[in-house]
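**Q** Supplied in structure tokens, the structure appears directly below.
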Amino acid sequence: MTIRPIRAEDKGIEQSFVRGLSQNSRYYRFMEQMRELSPDKLKYFTEIDYDRHMALIATAEGGGGEREVAVARYVAPPGGDSCEFAVAVDDEFQGTGLAGLLMAALIDFARARGFKTMEGLVLTDNHKMLKFARQLGFEIRREPDEPGTRRIVLRL
């Protein structure tokens with residue numbers, strides 16, 4: 001297993017990763033039904049600046065070469081001191097601690113870049129993610145205009 005920043009040439013393994021997630025995992029990650037990333041979204045996810053947009057992937061060697069099995073990323077608006085994060089883990093690797101390793105590294109990157117908070121939106125029925133966020137120290141807040149989601153916030 002290798003953890004490293006995503007690269008522009010990772011488009012193939014990023015798309016394969018998203019396609020390989022269960023429908024439920026894709027829905028919890030993207031909050032919509034989808035099968036794969038559009039070409040624009042795929043470019044956005046892999047051609048990052050490593051400062052305001054950072055993505056770390058976990059890869060494993062398989063029969064056909066390198067395979068992405070997890071990703072954690074943050075994106076920050078220009079000039080802001082907060083970043084929004086997301087994490088997804090291949091269904092086969094969920095519950096292994098991989099998400100925690102990726103998030104610890106991502107939080108370190110965000111702190112080193114000077115961000116003050118890391119935030120995310122989570123569907124209220126995504127109990128595993130809400131529990132995971134609590135374990136990482138995130139505060140869980142209600143979204144007044146969106147009763148089906150919770151905002152999770154970590155002070156860095």
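Letters A, B, ... go to the chains of the structure tokens in the order shown; residues in each chain start at 1; ligands are counted from 1 in the same order.
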Skip Ala133 of chain A itself and residues of its chain fewer than 3 positions away, then list as an NGL selection string all residues within 10 Å of it, counting only C-alpha atoms.

**A** :A and (100 or 103 or 120 or 122 or 127-130 or 136-140 or 152-154)

**Q** Go through chain A and collect every residue that DSSP, computed from the backbone, puts in alpha helix (DSSP H); the answer should be as an mmCIF file with C-alpha atoms, in the first residue's frame.

**A**
```
data_model
loop_
_atom_site.group_PDB
_atom_site.id
_atom_site.type_symbol
_atom_site.label_atom_id
_atom_site.label_comp_id
_atom_site.auth_asym_id
_atom_site.auth_seq_id
_atom_site.Cartn_x
_atom_site.Cartn_y
_atom_site.Cartn_z
ATOM 1 C CA LYS A 11 -7.007 9.908 -14.439
ATOM 2 C CA GLY A 12 -7.362 6.223 -15.330
ATOM 3 C CA ILE A 13 -7.037 4.869 -11.806
ATOM 4 C CA GLU A 14 -9.219 7.670 -10.388
ATOM 5 C CA GLN A 15 -12.016 6.847 -12.840
ATOM 6 C CA SER A 16 -11.648 3.107 -12.137
ATOM 7 C CA PHE A 17 -11.807 3.807 -8.411
ATOM 8 C CA VAL A 18 -15.068 5.755 -8.711
ATOM 9 C CA ARG A 19 -16.583 3.133 -11.037
ATOM 10 C CA GLY A 20 -15.599 0.401 -8.574
ATOM 11 C CA GLN A 23 -23.703 2.616 -5.577
ATOM 12 C CA ASN A 24 -24.151 3.408 -1.879
ATOM 13 C CA SER A 25 -20.519 4.522 -1.435
ATOM 14 C CA ARG A 26 -20.687 6.728 -4.538
ATOM 15 C CA TYR A 27 -23.905 8.298 -3.287
ATOM 16 C CA TYR A 28 -22.469 9.047 0.161
ATOM 17 C CA ARG A 29 -19.334 10.541 -1.413
ATOM 18 C CA PHE A 30 -20.933 12.641 -4.167
ATOM 19 C CA PRO A 39 -14.240 14.412 -18.206
ATOM 20 C CA ASP A 40 -14.288 17.887 -16.593
ATOM 21 C CA LYS A 41 -14.704 16.461 -13.073
ATOM 22 C CA LEU A 42 -11.965 13.909 -13.709
ATOM 23 C CA LYS A 43 -9.599 16.679 -14.801
ATOM 24 C CA TYR A 44 -10.569 18.775 -11.755
ATOM 25 C CA PHE A 45 -9.916 15.838 -9.410
ATOM 26 C CA THR A 46 -6.499 14.965 -10.834
ATOM 27 C CA LEU A 98 -7.101 3.513 5.797
ATOM 28 C CA ALA A 99 -9.466 6.508 5.935
ATOM 29 C CA GLY A 100 -7.951 7.517 9.278
ATOM 30 C CA LEU A 101 -4.406 7.387 7.871
ATOM 31 C CA LEU A 102 -5.375 9.476 4.850
ATOM 32 C CA MET A 103 -7.272 11.999 6.939
ATOM 33 C CA ALA A 104 -4.398 12.385 9.431
ATOM 34 C CA ALA A 105 -2.040 13.170 6.550
ATOM 35 C CA LEU A 106 -4.571 15.504 4.897
ATOM 36 C CA ILE A 107 -5.139 17.379 8.172
ATOM 37 C CA ASP A 108 -1.362 17.798 8.521
ATOM 38 C CA PHE A 109 -1.169 19.228 4.991
ATOM 39 C CA ALA A 110 -4.044 21.640 5.716
ATOM 40 C CA ARG A 111 -2.400 22.841 8.940
ATOM 41 C CA ALA A 112 0.926 23.318 7.167
ATOM 42 C CA HIS A 127 -23.838 7.071 10.217
ATOM 43 C CA LYS A 128 -20.379 5.575 9.573
ATOM 44 C CA MET A 129 -19.021 8.910 8.340
ATOM 45 C CA LEU A 130 -20.571 10.853 11.219
ATOM 46 C CA LYS A 131 -19.037 8.407 13.710
ATOM 47 C CA PHE A 132 -15.672 8.646 11.916
ATOM 48 C CA ALA A 133 -15.819 12.463 12.010
ATOM 49 C CA ARG A 134 -16.502 12.418 15.764
ATOM 50 C CA GLN A 135 -13.511 10.123 16.280
ATOM 51 C CA LEU A 136 -11.326 12.602 14.390
#
```

**Q** For each of A:Val71, A:Ile48, A:Met31, A:Cys83, take the minimum atom-to-atom distance to Ala8 of chain A, counting only C-alpha atoms, then give the residue where this is smallest.

**A**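 Nearest candidate to Ala8 of chain A out of A:Val71, A:Ile48, A:Met31, A:Cys83: A:Ile48.
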
**Q** Please provide the set of residues having any atom within 7 Å of Ala55 of chain A, restricted to only C-alpha atoms, with same-chain residues fewer than 3 positions apart removed, written as a ChimeraX atom specification.

**A** /A:5-6,71-74

**Q** Which residues come within 7 Å of Leu121 of chain A, counting only C-alpha atoms, excluding same-chain residues fewer than 3 positions away, as a list in words?

**A**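 Counting only C-alpha atoms, the residues come to Thr149, Arg150, Arg151 and Ile152 of chain A.
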
**Q** In Å, how far is it from atom CA of Arg7 of chain A to atom CA of Glu68 of chain A?

**A**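 The value is 12.0 Å.
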
**Q** Could you check which of A:Gly62, A:Asp10, A:Thr124, A:Ala70 is closest to Arg142 of chain A, using only C-alpha atoms?

**A**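 The answer is A:Thr124, which sits nearest to Arg142 of chain A.
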
**Q** How far is it from atom CA of His53 of chain A to atom CA of Ser22 of chain A, in Å with one decimal?

**A**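 So the two atoms, atom CA of His53 of chain A and atom CA of Ser22 of chain A, lie 25.6 Å apart.
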